[in-house]
Each structure stands twice: as C-alpha cells, then as structure tokens.
Amino acid sequence: MQKIRVVSLFSGCGGLDLGFIQAGYTIVWANDFFRDAVQTYRKNIGNHIVHGDITQISSEDIPDCDVLIGGFPCQSFSIANTKRSMEDKRNFLYLEVLRVLRDKKPNFFVCENVKGLLSMGKGRILDMIVKDFSELGYKVDYHLMRASDYGVPQHRERVIIIGNRLGLENVFPEKKDIPHVSVSDVCKHLYDIRTRDESFELDGIKIHNHVASTNVADTFWARKHPVKQHDICDYLRQWRCKSDWTIKKIDRHLGYRHTSAHWFRKDNYGTIPNPNDWWKLKEILGFDDTYDMAVTELEQKDITFEQSLRINNWDTPSDTILTTSPEIHPNKKRRMSVRECAIIQTFPNNFVFTGSLSSMYKQIGNAVPVLLGKEIAEAIKPCILRKK
C-alpha cells in the first residue's frame with residue numbers, strides 16, 4: 001500500500017496522530033509548544049515531533065505531505081470560557097494552519113476544535129475560517145461529531161473540519177449502529193485497584209499512570225471521627241523506627257515514589273494515609289489498633305453538584321474529559337485516574353504519559369480520542385489513495 005504522508009500541527013500528546021497511524025498513515029512531521037506533551041509524544045509515537053512555537057517555524061522546515069492535520073488551540077473557543085472574543089490572539093492561530101496549507105499544498109486537511117466554535121461571534125469566526133480555507137482552493141465542510149457515536153466511551157462533542165483540493169465530496173465517518181460503550185465497560189477492572197506511582201501488572205496487563213487526584217473536598221467524603229495529623233504521623237514514625245522498613249523500602253513496596261515520607265513527619269508537610277494505605281502499612285509495620293477507627297472510618301457528606309464535583313457516569317459514556325479536575329470516581333474517594341481518563345480517550349494501555357499529575361490530566365483532556373481520529377482517517381482514506 002502506498003504511504004500517505006501526514007504533517008501534524010498542534011499535535012499535543014498525539015491522540016489524533018495515533019488515530020491516523022492506526023489507520024495506516026505515516027506522520028512525517030509534528031509540532032507542539034507544550035513541552036510535557038512533546039515528551040509524551042516522543043516516548044510513545046516518535047522523534048519526528050518538533051518542540052517550538054509554530055509562528056517561528058518556517059514552512060521550508062516542514063516536509064511535503066498528502067494530509068495536514070491539527071487541532072488549533074481552543075482555549076478561547078470553549079463554551080466554558082465566557083470571556084472568549086474575536087480579539088484574543090489564540091483565536092487566530094488557525095492562520096498558521098492556513099499558512100502551511102498555502103505553502104505545502106496537501107490534497108487534504110483535517111482540523112478539530114471545540115463545540116463553542118460554532119457559536120463564537122454568532123458564527124462569524126467559523127464562517128471566516130471556512131472562507132479563508134476555501135480561497136486556497138479547498139472544498140471545505142464541517143460536522144459536529146459526538147465521540148460516543150463512534151465507539152468512544154465519552155460524550156465528547158467536537159467540530160471536525162475537512163477540506164480537499166481535488167474537487168471531491170468530503171467524507172465523514174458514519175455513526176456506529178451499536179450501543180454506546182460505557183465507562184464500566186472499559187474501566188471496571190480498575191474500580192477497586194489502589195492508585196500508585198509505579199507501573200504494575202493486573203491480570204497479565206501492564207498498567208501505567210494509575211495515579212489520581214484525591215481532592216474531592218472534605219464536605220464530600222470525609223473522616224467520621226476527629227483526628228490530629230501530628231499525632232498520627234508521630235505514631236507511625238515510632239512504629240516504623242521499631243521495624244526494618246525504611247521510607248524508600250515502603251515506597252517501593254506500595255508502588256510510590258516519594259509519598260510515604262509525608263506519613264512520618266509531624267510538621268505541616270505531614271499527611272495521614274488514606275484507609276487503603278493505612279491497612280497496607282499495618283501489614284508491614286504491625287502497629288496496634290489505636291488509630292484504626294479514626295483513620296479508616298469515613299462517611300459521605302452532602303454534595304454540592306458543581307462542575308468540579310461531578311461524579312463520573314458509570315453505566316453510560318463519560319461526559320467530556322476535561323483538562324483540569326477530572327470527574328470524581330464512582331467510588332467517591334478520588335478523581336478518575338490518569339489511566340482511566342486515558343482509557344476513556346481510547347489511548348492504548350501501553351501509552352505512557354509523562355510530567356506532573358496536573359500535566360498528564362491536561363495532556364489527556366486536550367487530546368482527540370484516538371478512536372475518533374482513526375474513524376476520520378479511515379473515512380477519507382479511499383479518496384486519498386484513489387488520487388495517489
């Protein structure tokens with residue numbers, strides 16, 4: 001089969017790119033400004049990605065291609081951003097896509113953006129974008145696509161813009177005539193699995209990045225009994241000193257990197273282990289029952305249902321995976337983990353994210369679901385091959 005060469009702009013960690021690769025395309029060049037996302041891309045996809053500001057990269061440094069893809073930054077287009085405006089310079093980064101299209105003249109392009117693009121400026125922004133692309137000789141069409149209609153376990157809605165300069169009708173993937181995939185269908189194997197920094201094996205599958213924010217607010221899921229952090233940490237430190245367990249050894253045993261050190265200090269940097277970690281510590285340190293009830297008995301408090309306190313759908317597709325504050329896990333003790341969010345975005349299990357916890361959440365939330373990217377790539381592929 002002939003190689004279909006793709007250049008990717010605003011690639012992020014590579015969700016759209018990976019979808020095109022799975023459909024048989026070859027990414028020959030990619031670019032993004034987010035350093036952590038570039039590192040993740042290189043670790044999993046390839047070294048062809050260039051870290052840098054696209055406005056400072058000459059078209060001469062970008063190779064020729066058959067297809068240009070990219071989701072130009074959408075912070076200002078998001079319906080969650082009530083201050084978006086036509087004056088925000090980020091709204092016009094699509095001009096870089098325009099520039100590369102003009103200079104490299106690929107036969108097809110695929111652009112992705114948020115649903116808010118449809119209504120921004122009462123539709124004037126999108127009309128302007130379509131007009132500019134059309135003036136380069138491309139036939140341009142756009143559809144609002146809901147990822148859950150294409151096998152993705154997420155009700156994520158995105159505007160997909162496709163253009164070609166071959167005079168052909170633009171083809172979009174057809175919706176799947178199958179039941180929606182639920183979160184439990186793809187994430188239930190991690191439901192009660194303790195989060196940890198290190199990768200581990202579960203039922204023969206290597207699990208990476210099963211780390212999660214536990215910030216669900218004390219008014220949501222809290223300890224039932226009053227407890228003093230200094231007393232607990234001092235108590236644990238005394239029991240650890242009686243054992244041969246070093247902090248490093250405990251971290252290694254539990255799959256953490258630097259977590260357990262905070263359980264044994266009395267200053268303001270000390271923390272109390274969560275119930276699961278408490279019982280694991282008791283197994284290895286052998287301490288008595290003095291604080292078992294205080295640390296491990298929890299009770300559910302009244303919930304204020306705000307966007308930051310949404311509980312994840314379990315028996316239906318997830319709502320849109322966000323770049324910050326992922327939804328609360330159905331067990332109500334933590335947020336959805338990085339791995340669970342990645343699964344919902346249809347990244348494969350062997351795709352490993354790099355960076356801080358917040359950075360990994362941001363990379364995943366910014367990505368195009370891999371499966372949605374693959375469906376789009378498969379839809380336009382016959383037209384591209386026919387021309388080649």
# chains A, B, ... in the order shown; residues from 1 in each chain; ligands from 1
$ closest_atom_pairs --of "range 246-343 of chain A" --to "range 152-175 of chain A" --cutoff "8 Å" --atoms "only C-alpha atoms" --output "CSV"
residue,atom,partner,partner_atom,distance
A:Thr316,CA,A:Pro153,CA,7.6
A:Pro317,CA,A:Pro153,CA,4.4
A:Ser318,CA,A:Gln154,CA,4.3
A:Asp319,CA,A:His155,CA,5.1
A:Thr320,CA,A:Arg156,CA,4.7
A:Ile321,CA,A:Arg156,CA,7.6
$ residues_around --residues "Phe264 in chain A" --least-positions-apart "6" --cutoff "9 Å" --atoms "only C-alpha atoms" --output "list of chain:residue names"
A:Ile232, A:Cys233, A:Asp234, A:Tyr235, A:Leu236, A:Arg237, A:Gln238, A:Arg240, A:Ile247, A:Gly270, A:Thr271, A:Ile272
$ select_by_dssp --residues "range 94-204 of chain A" --states "helix (DSSP H, G or I)" --output "VMD selection string"
chain A and resid 94 to 104 115 to 118 120 to 134 147 to 150 183 to 190
$ write_last_selection --atoms "N, CA and C atoms" --output "CSV table (one decimal), in the first residue's frame"
chain,number,residue,atom,x,y,z
A,94,TYR,N,-5.3,29.5,13.9
A,94,TYR,CA,-5.6,28.8,12.7
A,94,TYR,C,-4.9,29.3,11.4
A,95,LEU,N,-4.5,30.6,11.5
A,95,LEU,CA,-3.8,31.2,10.4
A,95,LEU,C,-2.5,30.5,10.1
A,96,GLU,N,-1.9,29.8,11.1
A,96,GLU,CA,-0.7,29.0,10.9
A,96,GLU,C,-1.0,27.8,10.1
A,97,VAL,N,-2.2,27.2,10.4
A,97,VAL,CA,-2.7,26.1,9.5
A,97,VAL,C,-2.9,26.6,8.1
A,98,LEU,N,-3.4,27.8,8.0
A,98,LEU,CA,-3.7,28.4,6.6
A,98,LEU,C,-2.3,28.6,5.9
A,99,ARG,N,-1.4,29.1,6.6
A,99,ARG,CA,-0.1,29.3,6.0
A,99,ARG,C,0.6,28.0,5.5
A,100,VAL,N,0.6,27.0,6.3
A,100,VAL,CA,1.2,25.7,5.9
A,100,VAL,C,0.4,25.1,4.7
A,101,LEU,N,-0.9,25.2,4.8
A,101,LEU,CA,-1.7,24.8,3.6
A,101,LEU,C,-1.3,25.5,2.3
A,102,ARG,N,-1.2,26.8,2.5
A,102,ARG,CA,-0.8,27.6,1.3
A,102,ARG,C,0.5,27.2,0.7
A,103,ASP,N,1.5,27.0,1.6
A,103,ASP,CA,2.9,26.7,1.2
A,103,ASP,C,3.1,25.3,0.8
A,104,LYS,N,2.5,24.3,1.5
A,104,LYS,CA,2.8,22.9,1.2
A,104,LYS,C,1.8,22.2,0.3
A,115,LYS,N,-16.8,22.6,20.5
A,115,LYS,CA,-18.2,22.9,20.0
A,115,LYS,C,-18.5,24.4,20.0
A,116,GLY,N,-17.8,25.1,20.9
A,116,GLY,CA,-18.1,26.5,21.0
A,116,GLY,C,-17.7,27.3,19.8
A,117,LEU,N,-16.9,26.7,18.9
A,117,LEU,CA,-16.5,27.4,17.6
A,117,LEU,C,-17.7,27.7,16.8
A,118,LEU,N,-18.8,26.8,16.9
A,118,LEU,CA,-20.0,27.0,16.1
A,118,LEU,C,-20.7,28.3,16.4
A,120,MET,N,-19.3,31.0,18.3
A,120,MET,CA,-18.4,32.1,18.6
A,120,MET,C,-18.6,33.3,17.5
A,121,GLY,N,-18.8,34.5,18.1
A,121,GLY,CA,-19.1,35.6,17.2
A,121,GLY,C,-20.3,35.4,16.4
A,122,LYS,N,-21.3,34.6,16.9
A,122,LYS,CA,-22.6,34.3,16.3
A,122,LYS,C,-22.3,33.6,14.9
A,123,GLY,N,-21.3,32.8,14.9
A,123,GLY,CA,-21.0,32.0,13.7
A,123,GLY,C,-20.0,32.7,12.8
A,124,ARG,N,-19.6,33.9,13.1
A,124,ARG,CA,-18.7,34.6,12.2
A,124,ARG,C,-17.3,34.1,12.1
A,125,ILE,N,-16.8,33.6,13.3
A,125,ILE,CA,-15.5,33.0,13.3
A,125,ILE,C,-15.4,31.8,12.4
A,126,LEU,N,-16.3,30.9,12.5
A,126,LEU,CA,-16.3,29.7,11.7
A,126,LEU,C,-16.5,30.0,10.2
A,127,ASP,N,-17.4,31.0,9.9
A,127,ASP,CA,-17.5,31.4,8.5
A,127,ASP,C,-16.3,32.0,8.0
A,128,MET,N,-15.5,32.7,8.8
A,128,MET,CA,-14.3,33.3,8.3
A,128,MET,C,-13.2,32.2,8.1
A,129,ILE,N,-13.2,31.2,8.9
A,129,ILE,CA,-12.2,30.1,8.8
A,129,ILE,C,-12.5,29.4,7.5
A,130,VAL,N,-13.8,29.0,7.2
A,130,VAL,CA,-14.2,28.3,6.0
A,130,VAL,C,-13.9,29.1,4.8
A,131,LYS,N,-14.1,30.4,4.8
A,131,LYS,CA,-13.9,31.3,3.7
A,131,LYS,C,-12.4,31.3,3.4
A,132,ASP,N,-11.6,31.5,4.4
A,132,ASP,CA,-10.1,31.5,4.2
A,132,ASP,C,-9.6,30.2,3.6
A,133,PHE,N,-10.0,29.1,4.1
A,133,PHE,CA,-9.6,27.8,3.5
A,133,PHE,C,-10.1,27.7,2.1
A,134,SER,N,-11.3,28.1,1.8
A,134,SER,CA,-11.8,27.9,0.5
A,134,SER,C,-11.1,28.8,-0.5
A,147,ALA,N,-18.3,11.8,20.0
A,147,ALA,CA,-17.4,10.7,20.1
A,147,ALA,C,-18.1,9.4,20.4
A,148,SER,N,-19.1,9.4,21.3
A,148,SER,CA,-19.8,8.2,21.7
A,148,SER,C,-20.5,7.5,20.6
A,149,ASP,N,-20.8,8.3,19.5
A,149,ASP,CA,-21.5,7.7,18.3
A,149,ASP,C,-20.5,6.9,17.5
A,150,TYR,N,-19.2,6.9,17.8
A,150,TYR,CA,-18.2,6.2,17.0
A,150,TYR,C,-17.4,5.2,17.9
A,183,VAL,N,-18.5,3.7,30.6
A,183,VAL,CA,-17.2,3.7,31.4
A,183,VAL,C,-16.9,2.4,32.0
A,184,SER,N,-18.0,1.8,32.6
A,184,SER,CA,-17.7,0.5,33.3
A,184,SER,C,-17.3,-0.6,32.3
A,185,ASP,N,-17.7,-0.5,31.0
A,185,ASP,CA,-17.2,-1.5,30.0
A,185,ASP,C,-15.7,-1.5,29.9
A,186,VAL,N,-15.1,-0.3,30.0
A,186,VAL,CA,-13.7,-0.2,29.8
A,186,VAL,C,-12.8,0.0,31.0
A,187,CYS,N,-13.4,0.5,32.1
A,187,CYS,CA,-12.6,0.8,33.3
A,187,CYS,C,-12.9,0.0,34.5
A,188,LYS,N,-13.9,-1.0,34.4
A,188,LYS,CA,-14.3,-1.7,35.7
A,188,LYS,C,-13.1,-2.5,36.3
A,189,HIS,N,-12.1,-2.9,35.5
A,189,HIS,CA,-11.0,-3.7,36.0
A,189,HIS,C,-10.2,-2.9,37.0
A,190,LEU,N,-10.3,-1.5,37.0
A,190,LEU,CA,-9.5,-0.7,37.9
A,190,LEU,C,-10.4,-0.1,39.0
$ select_by_dssp --residues "range 130-362 of chain A" --states "strand (DSSP E)" --output "PDB file with C-alpha atoms, in the first residue's frame"
ATOM      1  CA  LYS A 139     -13.679  22.400  -0.752  1.00  0.00           C
ATOM      2  CA  VAL A 140     -14.472  22.710   2.964  1.00  0.00           C
ATOM      3  CA  ASP A 141     -17.137  21.064   5.130  1.00  0.00           C
ATOM      4  CA  TYR A 142     -17.587  20.685   8.870  1.00  0.00           C
ATOM      5  CA  HIS A 143     -19.635  18.438  11.144  1.00  0.00           C
ATOM      6  CA  LEU A 144     -20.277  18.408  14.875  1.00  0.00           C
ATOM      7  CA  MET A 145     -19.290  14.876  15.871  1.00  0.00           C
ATOM      8  CA  ARG A 146     -20.101  13.182  19.188  1.00  0.00           C
ATOM      9  CA  GLU A 157     -18.547  16.785  21.031  1.00  0.00           C
ATOM     10  CA  ARG A 158     -16.059  18.329  18.637  1.00  0.00           C
ATOM     11  CA  VAL A 159     -16.234  20.292  15.385  1.00  0.00           C
ATOM     12  CA  ILE A 160     -14.359  18.444  12.643  1.00  0.00           C
ATOM     13  CA  ILE A 161     -13.392  20.475   9.572  1.00  0.00           C
ATOM     14  CA  ILE A 162     -12.310  18.574   6.453  1.00  0.00           C
ATOM     15  CA  GLY A 163     -11.071  20.110   3.223  1.00  0.00           C
ATOM     16  CA  ASN A 164      -9.687  18.786  -0.058  1.00  0.00           C
ATOM     17  CA  PHE A 200       2.190  -2.753  37.819  1.00  0.00           C
ATOM     18  CA  GLU A 201       0.682  -5.860  36.265  1.00  0.00           C
ATOM     19  CA  LEU A 202      -3.011  -6.718  36.549  1.00  0.00           C
ATOM     20  CA  ILE A 205      -1.817  -6.441  31.542  1.00  0.00           C
ATOM     21  CA  LYS A 206       0.789  -3.788  32.351  1.00  0.00           C
ATOM     22  CA  ILE A 207      -0.945  -0.800  33.960  1.00  0.00           C
ATOM     23  CA  TRP A 221     -16.179  12.243  51.549  1.00  0.00           C
ATOM     24  CA  ALA A 222     -14.569  12.754  54.943  1.00  0.00           C
ATOM     25  CA  ARG A 223     -13.355  11.008  58.061  1.00  0.00           C
ATOM     26  CA  LEU A 298     -15.299   7.543  56.561  1.00  0.00           C
ATOM     27  CA  GLU A 299     -18.734   8.989  55.980  1.00  0.00           C
ATOM     28  CA  GLN A 300     -20.321  10.644  52.984  1.00  0.00           C
TER      29      GLN A 300
END
$ closest_atom_pairs --of "range 169-267 of chain A" --to "range 330-339 of chain A" --cutoff "8 Å" --atoms "only C-alpha atoms" --output "tab-separated table"
residue	atom	partner	partner_atom	distance
A:Tyr191	CA	A:Asn331	CA	7.6
A:Thr195	CA	A:Ser337	CA	7.6
A:Ile207	CA	A:Arg339	CA	7.8
A:His208	CA	A:Arg339	CA	6.6
A:Asn209	CA	A:Arg339	CA	5.3
A:His210	CA	A:Arg339	CA	5.0
A:Val211	CA	A:Ser337	CA	5.2
A:Ala212	CA	A:Ser337	CA	4.2
A:Ser213	CA	A:Arg335	CA	5.4
A:Thr214	CA	A:Arg334	CA	4.3
A:Asn215	CA	A:Arg334	CA	6.7
A:Val216	CA	A:Arg334	CA	6.3
A:Trp221	CA	A:Lys333	CA	6.6
$ write_last_selection --atoms "N, CA and C atoms" --output "short mmCIF file (atom, residue, chain, number, x, y, z; two decimals), in the first residue's frame"
data_model
loop_
_atom_site.label_atom_id
_atom_site.label_comp_id
_atom_site.auth_asym_id
_atom_site.auth_seq_id
_atom_site.Cartn_x
_atom_site.Cartn_y
_atom_site.Cartn_z
N TYR A 191 -11.60 -0.52 39.14
CA TYR A 191 -12.56 0.11 40.06
C TYR A 191 -12.02 0.17 41.49
N THR A 195 -4.46 3.27 43.68
CA THR A 195 -3.60 4.07 42.80
C THR A 195 -2.18 4.05 43.34
N ILE A 207 -0.17 -2.01 33.70
CA ILE A 207 -0.94 -0.80 33.96
C ILE A 207 0.01 0.34 34.28
N HIS A 208 -0.07 1.42 33.50
CA HIS A 208 0.77 2.59 33.70
C HIS A 208 -0.10 3.78 34.12
N ASN A 209 0.50 4.72 34.84
CA ASN A 209 -0.14 6.01 35.15
C ASN A 209 -1.45 5.87 35.91
N HIS A 210 -1.58 4.85 36.77
CA HIS A 210 -2.79 4.75 37.58
C HIS A 210 -2.60 5.61 38.83
N VAL A 211 -2.54 6.91 38.59
CA VAL A 211 -2.39 7.92 39.64
C VAL A 211 -3.58 8.85 39.53
N ALA A 212 -3.97 9.44 40.67
CA ALA A 212 -5.20 10.24 40.66
C ALA A 212 -5.16 11.31 41.73
N SER A 213 -5.85 12.40 41.47
CA SER A 213 -6.07 13.43 42.48
C SER A 213 -7.09 12.91 43.49
N THR A 214 -6.84 13.18 44.76
CA THR A 214 -7.79 12.79 45.81
C THR A 214 -8.57 13.99 46.31
N ASN A 215 -8.47 15.09 45.60
CA ASN A 215 -9.14 16.31 46.02
C ASN A 215 -10.62 16.28 45.64
N VAL A 216 -11.41 15.68 46.51
CA VAL A 216 -12.86 15.65 46.29
C VAL A 216 -13.59 16.46 47.35
N TRP A 221 -16.47 13.55 50.96
CA TRP A 221 -16.18 12.24 51.55
C TRP A 221 -15.12 12.47 52.61
#
$ closest_residue --among "A:Val7, A:Cys13, A:Ile49, A:Ala294" --to "Lys228 in chain A" --atoms "only C-alpha atoms"
A:Ala294
$ residues_around --residues "Leu371 in chain A" --least-positions-apart "3" --cutoff "8 Å" --atoms "only C-alpha atoms" --output "PyMOL selection string"
chain A and resi 19+150-152+345-346+374-375
$ residues_around --residues "Ala30 in chain A" --least-positions-apart "6" --cutoff "7 Å" --atoms "only C-alpha atoms" --output "ChimeraX atom specification"
/A:7-9,11,48-50
$ closest_residue --among "A:Leu16, A:Ala367, A:Met360, A:Ile344" --to "Thr324 in chain A" --atoms "only C-alpha atoms"
A:Met360
$ closest_residue --among "A:Asp277, A:Glu340, A:Asp36, A:Glu297" --to "Leu254 in chain A" --atoms "only C-alpha atoms"
A:Asp277
$ residues_around --residues "Ile250 in chain A" --least-positions-apart "4" --cutoff "10 Å" --atoms "only C-alpha atoms" --output "list in words"
Arg240, Trp245, Thr246, Leu254, Gly255, Tyr256, Arg257, His258, Thr259, Ser260, Ala261, Lys280, Leu281, Ile284 and Leu285 of chain A
$ write_last_selection --atoms "N, CA and C atoms" --output "PDB file, in the first residue's frame"
ATOM      1  N   ARG A 240       7.512   2.718  62.729  1.00  0.00           N
ATOM      2  CA  ARG A 240       8.479   2.444  61.665  1.00  0.00           C
ATOM      3  C   ARG A 240       9.886   2.278  62.224  1.00  0.00           C
ATOM      4  N   TRP A 245      11.857  -1.331  58.188  1.00  0.00           N
ATOM      5  CA  TRP A 245      11.299  -0.748  56.966  1.00  0.00           C
ATOM      6  C   TRP A 245      11.748   0.704  56.835  1.00  0.00           C
ATOM      7  N   THR A 246      12.566   0.988  55.832  1.00  0.00           N
ATOM      8  CA  THR A 246      12.942   2.367  55.523  1.00  0.00           C
ATOM      9  C   THR A 246      11.832   3.014  54.699  1.00  0.00           C
ATOM     10  N   LEU A 254       4.824  -0.220  48.146  1.00  0.00           N
ATOM     11  CA  LEU A 254       3.478   0.256  47.828  1.00  0.00           C
ATOM     12  C   LEU A 254       3.359   0.791  46.404  1.00  0.00           C
ATOM     13  N   GLY A 255       4.493   0.911  45.702  1.00  0.00           N
ATOM     14  CA  GLY A 255       4.448   1.393  44.328  1.00  0.00           C
ATOM     15  C   GLY A 255       4.457   2.904  44.222  1.00  0.00           C
ATOM     16  N   TYR A 256       4.918   3.590  45.275  1.00  0.00           N
ATOM     17  CA  TYR A 256       5.014   5.046  45.243  1.00  0.00           C
ATOM     18  C   TYR A 256       6.448   5.481  44.991  1.00  0.00           C
ATOM     19  N   ARG A 257       6.615   6.816  44.836  1.00  0.00           N
ATOM     20  CA  ARG A 257       7.967   7.349  44.667  1.00  0.00           C
ATOM     21  C   ARG A 257       8.411   8.140  45.893  1.00  0.00           C
ATOM     22  N   HIS A 258       7.607   9.128  46.302  1.00  0.00           N
ATOM     23  CA  HIS A 258       8.011   9.974  47.425  1.00  0.00           C
ATOM     24  C   HIS A 258       6.849  10.199  48.395  1.00  0.00           C
ATOM     25  N   THR A 259       5.879   9.339  48.368  1.00  0.00           N
ATOM     26  CA  THR A 259       4.654   9.577  49.136  1.00  0.00           C
ATOM     27  C   THR A 259       4.799   9.276  50.613  1.00  0.00           C
ATOM     28  N   SER A 260       5.373   8.124  50.956  1.00  0.00           N
ATOM     29  CA  SER A 260       5.314   7.673  52.344  1.00  0.00           C
ATOM     30  C   SER A 260       6.095   8.565  53.297  1.00  0.00           C
ATOM     31  N   ALA A 261       7.069   9.301  52.810  1.00  0.00           N
ATOM     32  CA  ALA A 261       7.853  10.169  53.701  1.00  0.00           C
ATOM     33  C   ALA A 261       6.954  11.142  54.455  1.00  0.00           C
ATOM     34  N   LYS A 280      -2.335  -1.337  54.485  1.00  0.00           N
ATOM     35  CA  LYS A 280      -1.088  -1.878  53.942  1.00  0.00           C
ATOM     36  C   LYS A 280       0.074  -1.632  54.905  1.00  0.00           C
ATOM     37  N   LEU A 281       0.100  -0.418  55.502  1.00  0.00           N
ATOM     38  CA  LEU A 281       1.142  -0.104  56.473  1.00  0.00           C
ATOM     39  C   LEU A 281       1.035  -1.011  57.695  1.00  0.00           C
ATOM     40  N   ILE A 284       2.750  -4.375  57.280  1.00  0.00           N
ATOM     41  CA  ILE A 284       4.212  -4.457  57.292  1.00  0.00           C
ATOM     42  C   ILE A 284       4.840  -3.924  58.583  1.00  0.00           C
ATOM     43  N   LEU A 285       4.185  -2.946  59.256  1.00  0.00           N
ATOM     44  CA  LEU A 285       4.747  -2.379  60.480  1.00  0.00           C
ATOM     45  C   LEU A 285       4.197  -3.037  61.735  1.00  0.00           C
TER      46      LEU A 285
END
$ closest_residue --among "A:Asp197, A:Asp66, A:Asp288, A:Asp192" --to "Thr354 in chain A" --atoms "only C-alpha atoms"
A:Asp197
